[in-house]
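Visitor: Next comes coords_14.cif, mmCIF, C-alpha atoms and all ligand atoms:
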```cif
data_target
#
loop_
_atom_site.label_atom_id
_atom_site.label_comp_id
_atom_site.auth_asym_id
_atom_site.auth_seq_id
_atom_site.Cartn_x
_atom_site.Cartn_y
_atom_site.Cartn_z
CA MET A 150 -3.96 20.61 -60.18
CA LYS A 151 -6.36 20.68 -57.26
CA LEU A 152 -9.26 23.14 -57.56
CA SER A 153 -8.67 24.33 -53.99
CA ASP A 154 -5.06 25.29 -54.84
CA LEU A 155 -6.09 27.58 -57.70
CA LYS A 156 -5.71 31.33 -57.94
CA ILE A 157 -7.48 31.72 -61.23
CA ILE A 158 -8.81 34.41 -63.58
CA VAL A 159 -12.09 33.91 -65.46
CA THR A 160 -12.68 36.37 -68.31
CA GLY A 161 -16.23 37.05 -69.42
CA GLY A 162 -17.29 35.67 -66.05
CA ALA A 163 -20.23 37.99 -65.38
CA ALA A 164 -22.72 35.94 -67.43
CA GLY A 165 -23.28 32.63 -69.22
CA MET A 166 -20.73 29.87 -68.90
CA GLY A 167 -18.06 32.13 -67.38
CA ALA A 168 -20.31 33.03 -64.44
CA HIS A 169 -21.03 29.34 -63.85
CA PHE A 170 -17.33 28.44 -64.02
CA ALA A 171 -16.43 31.24 -61.59
CA GLN A 172 -19.10 30.12 -59.10
CA GLN A 173 -18.10 26.45 -59.31
CA LEU A 174 -14.42 27.31 -58.84
CA HIS A 175 -15.24 29.54 -55.87
CA ALA A 176 -17.46 26.84 -54.31
CA ALA A 177 -14.60 24.33 -54.68
CA GLY A 178 -12.29 26.56 -52.64
CA ALA A 179 -10.36 28.29 -55.43
CA GLN A 180 -9.53 31.98 -55.35
CA VAL A 181 -11.24 33.53 -58.37
CA ALA A 182 -10.87 36.90 -60.13
CA VAL A 183 -13.50 37.69 -62.73
CA GLY A 184 -13.07 40.32 -65.44
CA ASP A 185 -15.89 41.45 -67.71
CA VAL A 186 -17.17 44.55 -69.54
CA ASP A 187 -20.61 44.09 -67.93
CA GLU A 188 -20.25 45.85 -64.58
CA ALA A 189 -23.93 45.46 -63.64
CA ARG A 190 -23.69 41.67 -63.89
CA LEU A 191 -20.27 41.60 -62.22
CA ALA A 192 -21.94 43.10 -59.14
CA LEU A 193 -24.32 40.10 -58.94
CA LEU A 194 -21.55 37.50 -58.46
CA PRO A 195 -21.36 35.89 -55.01
CA ALA A 196 -19.34 37.65 -52.32
CA GLY A 197 -15.78 36.36 -52.11
CA ILE A 198 -15.24 36.37 -55.88
CA HIS A 199 -12.88 39.21 -56.84
CA ARG A 200 -14.23 41.19 -59.76
CA GLN A 201 -13.23 44.18 -61.85
CA ARG A 202 -14.13 45.69 -65.21
CA LEU A 203 -12.00 44.28 -68.03
CA ASP A 204 -12.21 44.73 -71.78
CA VAL A 205 -9.97 41.97 -73.11
CA SER A 206 -9.64 43.71 -76.48
CA GLN A 207 -7.67 46.52 -74.78
CA GLU A 208 -4.02 45.70 -74.12
CA ALA A 209 -3.72 48.17 -71.22
CA ASP A 210 -6.79 46.60 -69.55
CA CYS A 211 -5.30 43.09 -69.80
CA ILE A 212 -1.95 44.21 -68.34
CA ALA A 213 -3.60 46.07 -65.46
CA PHE A 214 -6.17 43.34 -64.76
CA VAL A 215 -3.61 40.54 -64.44
CA ALA A 216 -1.49 42.59 -62.01
CA TRP A 217 -4.61 43.51 -60.01
CA ALA A 218 -5.92 39.92 -59.93
CA ALA A 219 -2.58 38.50 -58.78
CA ALA A 220 -2.41 41.11 -56.00
CA GLN A 221 -5.98 40.37 -54.88
CA MET A 222 -5.47 36.60 -54.84
CA GLY A 223 -1.89 36.63 -53.50
CA GLY A 224 -0.70 34.85 -56.66
CA LEU A 225 -1.89 33.52 -59.99
CA ASN A 226 -1.73 30.00 -61.44
CA GLY A 227 -4.66 29.75 -63.82
CA LEU A 228 -6.79 31.35 -66.52
CA VAL A 229 -10.17 30.38 -67.95
CA ASN A 230 -9.99 32.37 -71.18
CA ASN A 231 -13.72 32.59 -71.80
CA ALA A 232 -14.78 36.10 -72.94
CA GLY A 233 -16.30 36.03 -76.40
CA VAL A 234 -18.87 37.64 -78.69
CA LEU A 235 -20.74 36.89 -81.91
CA ARG A 236 -21.31 39.16 -84.91
CA ASP A 237 -22.73 36.55 -87.31
CA GLY A 238 -23.31 37.14 -90.99
CA LEU A 239 -22.36 35.79 -94.40
CA LEU A 240 -19.14 37.24 -95.83
CA VAL A 241 -21.11 38.15 -98.97
CA LYS A 242 -24.87 37.78 -99.50
CA LYS A 243 -27.60 38.98 -101.81
CA ASP A 244 -30.47 40.70 -100.03
CA ARG A 245 -33.68 38.72 -100.76
CA THR A 246 -35.86 41.80 -101.11
CA THR A 247 -33.64 44.37 -102.79
CA GLY A 248 -31.21 42.04 -104.57
CA ALA A 249 -28.36 44.21 -103.31
CA VAL A 250 -25.01 42.61 -102.47
CA VAL A 251 -24.32 42.90 -98.74
CA LYS A 252 -20.83 42.34 -97.29
CA MET A 253 -19.74 41.54 -93.75
CA SER A 254 -18.52 44.86 -92.36
CA GLN A 255 -14.91 45.22 -91.37
CA GLU A 256 -16.27 46.52 -88.05
CA ASN A 257 -17.96 43.15 -87.37
CA TRP A 258 -14.83 41.29 -88.45
CA ASN A 259 -12.62 43.42 -86.21
CA LYS A 260 -14.98 43.21 -83.22
CA VAL A 261 -14.92 39.41 -83.11
CA ILE A 262 -11.21 39.10 -83.87
CA GLY A 263 -10.41 41.87 -81.36
CA ILE A 264 -12.19 40.14 -78.47
CA ASN A 265 -12.19 36.40 -79.29
CA LEU A 266 -8.66 36.20 -80.70
CA THR A 267 -6.51 39.25 -79.91
CA GLY A 268 -8.09 39.65 -76.46
CA ALA A 269 -7.77 35.96 -75.63
CA THR A 270 -4.13 36.02 -76.80
CA LEU A 271 -3.34 39.10 -74.69
CA MET A 272 -4.80 37.38 -71.63
CA VAL A 273 -2.65 34.29 -72.22
CA ARG A 274 0.43 36.47 -72.73
CA GLU A 275 -0.11 38.53 -69.58
CA THR A 276 -1.05 35.57 -67.37
CA VAL A 277 1.94 33.51 -68.50
CA ALA A 278 4.30 36.51 -68.23
CA TRP A 279 3.17 37.02 -64.62
CA MET A 280 3.68 33.33 -63.78
CA VAL A 281 7.13 33.25 -65.37
CA GLU A 282 8.26 36.50 -63.74
CA ASN A 283 7.07 35.30 -60.34
CA GLY A 284 8.31 31.71 -60.63
CA GLN A 285 4.74 30.40 -60.29
CA ARG A 286 4.35 26.73 -61.31
CA PRO A 287 2.48 24.62 -62.09
CA GLY A 288 -0.04 26.66 -64.06
CA VAL A 289 -3.00 25.93 -66.31
CA ILE A 290 -4.81 27.79 -69.08
CA VAL A 291 -8.18 26.74 -70.49
CA ASN A 292 -9.16 28.46 -73.74
CA MET A 293 -12.79 28.51 -74.89
CA SER A 294 -12.82 27.52 -78.56
CA SER A 295 -15.92 26.21 -80.38
CA ILE A 296 -16.98 23.40 -82.68
CA ALA A 297 -17.34 26.26 -85.20
CA ARG A 298 -13.54 26.12 -85.52
CA HIS A 299 -14.01 23.49 -88.25
CA GLY A 300 -15.93 26.04 -90.36
CA ASN A 301 -19.52 27.25 -90.14
CA ARG A 302 -21.74 29.15 -92.55
CA GLY A 303 -22.36 32.74 -91.45
CA GLN A 304 -19.48 32.86 -88.97
CA SER A 305 -16.26 33.69 -90.89
CA ASN A 306 -15.08 36.05 -88.17
CA TYR A 307 -15.94 33.68 -85.29
CA VAL A 308 -14.50 30.63 -87.10
CA ALA A 309 -11.22 32.49 -87.75
CA ALA A 310 -10.90 33.35 -84.06
CA LYS A 311 -11.90 29.97 -82.62
CA ALA A 312 -9.79 27.94 -85.08
CA SER A 313 -6.78 30.08 -84.32
CA LEU A 314 -7.34 29.69 -80.58
CA ALA A 315 -7.43 25.88 -80.92
CA ALA A 316 -4.27 25.87 -83.08
CA ASN A 317 -2.43 28.15 -80.68
CA THR A 318 -3.47 25.94 -77.78
CA VAL A 319 -1.01 23.48 -79.34
CA THR A 320 1.58 26.23 -79.93
CA TRP A 321 1.38 27.58 -76.40
CA SER A 322 1.34 24.13 -74.76
CA ARG A 323 4.75 23.60 -76.37
CA GLU A 324 6.09 27.10 -75.69
CA PHE A 325 5.09 27.11 -72.01
CA ALA A 326 5.89 23.50 -71.08
CA PRO A 327 9.37 24.52 -69.84
CA PHE A 328 7.62 26.82 -67.33
CA GLY A 329 5.36 24.04 -66.05
CA ILE A 330 2.26 25.63 -67.60
CA ARG A 331 -0.31 23.46 -69.45
CA VAL A 332 -2.61 24.92 -72.10
CA CYS A 333 -5.87 23.17 -73.08
CA ALA A 334 -9.08 24.16 -74.83
CA VAL A 335 -12.74 23.27 -74.62
CA ALA A 336 -14.96 23.48 -77.72
CA PRO A 337 -18.66 23.73 -76.88
CA GLY A 338 -21.44 22.93 -79.28
CA MET A 339 -24.68 24.83 -78.64
CA VAL A 340 -24.98 25.87 -74.97
CA ASP A 341 -27.91 27.59 -73.26
CA THR A 342 -26.50 31.02 -72.30
CA PRO A 343 -27.32 34.67 -73.09
CA MET A 344 -25.23 34.22 -76.27
CA THR A 345 -27.62 31.61 -77.73
CA GLN A 346 -30.76 32.96 -76.03
CA GLY A 347 -30.46 35.88 -78.48
CA MET A 348 -30.66 33.56 -81.51
CA ASN A 349 -33.61 33.25 -83.89
CA PRO A 350 -35.86 30.63 -82.15
CA LYS A 351 -36.49 28.72 -85.41
CA ALA A 352 -32.77 28.48 -86.20
CA LEU A 353 -32.11 27.35 -82.62
CA GLU A 354 -34.82 24.68 -82.82
CA ALA A 355 -33.41 23.37 -86.13
CA PHE A 356 -29.92 23.18 -84.64
CA ILE A 357 -31.10 21.35 -81.51
CA ALA A 358 -32.95 18.80 -83.68
CA GLN A 359 -29.54 17.77 -85.09
CA ILE A 360 -27.90 17.11 -81.71
CA PRO A 361 -27.73 13.32 -81.15
CA VAL A 362 -28.32 13.56 -77.38
CA GLY A 363 -31.50 15.53 -78.15
CA ARG A 364 -30.91 18.66 -76.10
CA ILE A 365 -28.91 21.88 -75.91
CA GLY A 366 -25.86 21.89 -73.61
CA THR A 367 -25.87 23.50 -70.18
CA PRO A 368 -23.09 25.56 -68.59
CA ASP A 369 -22.63 22.65 -66.17
CA ASP A 370 -21.90 20.23 -69.06
CA LEU A 371 -19.06 22.54 -70.00
CA TRP A 372 -17.90 23.00 -66.42
CA LEU A 373 -17.16 19.25 -66.26
CA ALA A 374 -14.81 19.70 -69.22
CA VAL A 375 -13.12 22.80 -67.79
CA ARG A 376 -12.69 20.95 -64.51
CA PHE A 377 -11.10 17.98 -66.32
CA CYS A 378 -8.64 20.33 -68.08
CA ILE A 379 -7.62 21.78 -64.72
CA GLU A 380 -7.42 18.54 -62.76
CA CYS A 381 -5.84 16.17 -65.30
CA ASP A 382 -2.14 17.02 -65.35
CA TYR A 383 -1.67 14.81 -68.44
CA PHE A 384 -4.18 16.73 -70.58
CA ASN A 385 -2.21 19.31 -72.56
CA GLY A 386 -2.30 21.00 -75.97
CA ARG A 387 -5.65 19.45 -76.90
CA THR A 388 -9.12 20.79 -77.61
CA MET A 389 -12.02 18.82 -76.15
CA ASP A 390 -15.34 18.91 -78.07
CA VAL A 391 -18.38 18.96 -75.76
CA ASP A 392 -21.28 19.09 -78.19
CA GLY A 393 -23.70 16.20 -77.56
CA GLY A 394 -22.14 14.44 -80.54
CA CYS A 395 -23.26 16.91 -83.21
CA SER A 396 -19.89 17.58 -84.91
CA PHE A 397 -17.63 15.21 -86.85
N1 LIG A 401 -23.02 29.52 -75.93
C1 LIG A 401 -22.58 28.73 -76.88
O1 LIG A 401 -23.35 27.99 -77.50
C2 LIG A 401 -21.11 28.69 -77.22
C3 LIG A 401 -20.69 27.73 -78.14
C4 LIG A 401 -19.33 27.64 -78.46
C5 LIG A 401 -18.43 28.50 -77.85
N2 LIG A 401 -18.86 29.42 -76.96
C6 LIG A 401 -17.84 30.29 -76.35
O2 LIG A 401 -17.86 30.14 -74.94
C7 LIG A 401 -17.54 31.39 -74.31
C8 LIG A 401 -18.64 31.80 -73.36
O3 LIG A 401 -19.84 31.90 -74.10
P1 LIG A 401 -21.26 32.24 -73.45
O4 LIG A 401 -22.25 31.53 -74.27
O5 LIG A 401 -21.22 32.04 -71.99
O6 LIG A 401 -21.34 33.80 -73.81
P2 LIG A 401 -22.23 34.95 -73.13
O7 LIG A 401 -22.48 35.94 -74.21
O8 LIG A 401 -23.40 34.37 -72.44
O9 LIG A 401 -21.22 35.56 -72.06
C9 LIG A 401 -20.00 36.14 -72.50
C10 LIG A 401 -19.47 37.08 -71.45
O10 LIG A 401 -18.31 37.72 -72.03
C11 LIG A 401 -18.38 39.11 -71.71
N3 LIG A 401 -17.61 39.90 -72.65
C12 LIG A 401 -17.96 40.27 -73.91
N4 LIG A 401 -17.02 41.06 -74.45
C13 LIG A 401 -16.05 41.18 -73.53
C14 LIG A 401 -14.82 41.86 -73.50
N5 LIG A 401 -14.41 42.63 -74.53
N6 LIG A 401 -14.04 41.76 -72.40
C15 LIG A 401 -14.46 41.04 -71.34
N7 LIG A 401 -15.63 40.39 -71.29
C16 LIG A 401 -16.41 40.45 -72.38
C17 LIG A 401 -19.86 39.43 -71.74
O11 LIG A 401 -20.16 40.64 -71.06
C18 LIG A 401 -20.45 38.20 -71.07
O12 LIG A 401 -20.51 38.34 -69.67
C19 LIG A 401 -17.31 32.39 -75.47
O13 LIG A 401 -15.95 32.45 -75.77
C20 LIG A 401 -18.08 31.76 -76.61
O14 LIG A 401 -17.59 32.17 -77.87
C21 LIG A 401 -20.19 29.55 -76.63
#
```
Let me see whether you can do it: turn the structure in this file into structure tokens.
Ligand SMILES: NC(=O)c1ccc[n+]([C@@H]2O[C@H](COP(=O)([O-])OP(=O)(O)OC[C@H]3O[C@@H](n4cnc5c(N)ncnc54)[C@H](O)[C@@H]3O)[C@@H](O)[C@H]2O)c1

Guide:
Amino acid sequence: MKLSDLKIIVTGGAAGMGAHFAQQLHAAGAQVAVGDVDEARLALLPAGIHRQRLDVSQEADCIAFVAWAAAQMGGLNGLVNNAGVLRDGLLVKKDRTTGAVVKMSQENWNKVIGINLTGATLMVRETVAWMVENGQRPGVIVNMSSIARHGNRGQSNYVAAKASLAANTVTWSREFAPFGIRVCAVAPGMVDTPMTQGMNPKALEAFIAQIPVGRIGTPDDLWLAVRFCIECDYFNGRTMDVDGGCSF
């Protein structure tokens, strides 16, 4: 698909990679509708990008946002399914000072699953339902997974969501092929965004030391992958790792 033909939603597009994707899509001539919970940052996006508050973990929000975005753009043929959060922690650990056993809270489990998995799934469902109801084809969906989908210490909740998203990229690519809709995923390694800027600097430094290309990723590194997913009509049902070579 050509970037200039797109009428595309970007979730979590007020900051980090999503904001970069939205701006690159807009600059390439696409119509873009950004949804995010962060209304202050939404207001900072360039003029011409449609934007509205969206909490992807709320079904009613997803339904209303997709209808609104399609009306604003005069159609809808794409989704960059990017909104995501972290609530890292070991499932069970022993506190070093007190010796007490500490468990991951169900709240932290539910938060990550609610946004990164249920929310992402609702956005796929609503976007595809709109395209099918309105006879819109071709269409493309790009899910944001993670190299953590293979398993990562301290991220049970995140791993569960991102692994499921990669697996369902295969499922949905097969379910939606009859409607002319492709479904792909991108799996970043460590990328320099507000999400990683909040990490412990020592842990970040140790992680970067293990990246073969010797640096953290940039939102633009990931944009090249998102762009490939959109433009290559033969790329479907697959998850592309973009991680500087740090995963197996
Ligand atoms: N940064 C990394 O190293 C990295 C690595 C692998 C995967 N990812 C994934 O890439 C995507 C983008 O990550 P990022 O680093 O740009 O994150 P970020 O934290 O910098 O930005 C995420 C955006 O999502 C928004 N958001 C959070 N909850 C939301 C909700 N309920 N509804 C709508 N919007 C919501 C935030 O307000 C924010 O604008 C995420 O899915 C993340 O899990 C990031």

Visitor: List the neighbours of Trp279 in chain A out to 8 Å using all atoms listed in the file; skip same-chain residues closer than 4 positions along the sequence, and give me the result as a list in words.

Guide: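 Result of the neighbour search: Val215, Ala216, Leu225, Glu275 and Asn283 of chain A.
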
Visitor: Dump C-alpha atoms for the selected residues as a compact mmCIF listing (two decimals), in the frame of the given file?

Guide:
```
# COMPACT_ATOMS: atom_id res chain seq x y z
CA VAL A 215 -3.61 40.54 -64.44
CA ALA A 216 -1.49 42.59 -62.01
CA LEU A 225 -1.89 33.52 -59.99
CA GLU A 275 -0.11 38.53 -69.58
CA ASN A 283 7.07 35.30 -60.34
```

Visitor: Using only C-alpha atoms and all ligand atoms, determine which residues fall within 7 Å of ligand LIG 401 (chain A), then list them as a PyMOL selection string.

Guide: chain A and resi 160-167+184-187+203-206+231-235+264-265+293-296+336-345

Visitor: Restricting the calculation to all atoms listed in the file, which member of A:Val250, A:Val332, A:Val319, A:Ile198 is positioned closest to Tyr383 in chain A?

Guide: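 Once distances to Tyr383 in chain A are computed over all atoms listed in the file, the minimum belongs to A:Val332.
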
Visitor: Quick one: residues within 10 Å of range 221-224 of chain A, all atoms listed in the file, excluding same-chain residues fewer than 6 positions away - as a list of chain:residue names?

Guide: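 Final neighbour list, sorted by chain and number: A:Leu155, A:Lys156, A:Ile157, A:Ile158, A:Ala179, A:Gln180, A:Val181, A:Ala182, A:Ile198, A:His199, A:Arg200, A:Val215, A:Trp279, A:Met280, A:Asn283, A:Gln285.
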
Visitor: Measuring between only C-alpha atoms, which one of A:Val241, A:Val261, A:Ala316, A:Ala168 shows the shortest distance to His299 in chain A?

Guide: A:Ala316

Visitor: Could you check how far CA of Val362 in chain A sits from CA of Phe397 in chain A, in Å to one decimal?

Guide: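 Separating CA of Val362 in chain A from CA of Phe397 in chain A is a distance of 14.4 Å.
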
Visitor: With only C-alpha atoms as the atoms that count, which of A:Thr267, A:Asn259, A:Thr276, A:Thr247 lies nearest to Leu228 in chain A?

Guide: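 Comparing A:Thr267, A:Asn259, A:Thr276, A:Thr247 against Leu228 in chain A, the winner is A:Thr276.
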
Visitor: In Å to one decimal, how far is CA of Arg376 in chain A from CA of Ile212 in chain A?

Guide: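 Computed distance, CA of Ile212 in chain A to CA of Arg376 in chain A, equals 25.9 Å.
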
Visitor: List as a ChimeraX atom specification the protein and nucleic acid residues near Leu152 in chain A, meaning an atom at most 8 Å away when all atoms listed in the file are counted, but skip any in the same chain fewer than 2 places from it.

Guide: /A:150,154-155,174,177-179,379-380

Visitor: At what distance in Å, to one decimal, does CA of Val183 in chain A lie from CA of Gly197 in chain A?

Guide: 10.9 Å
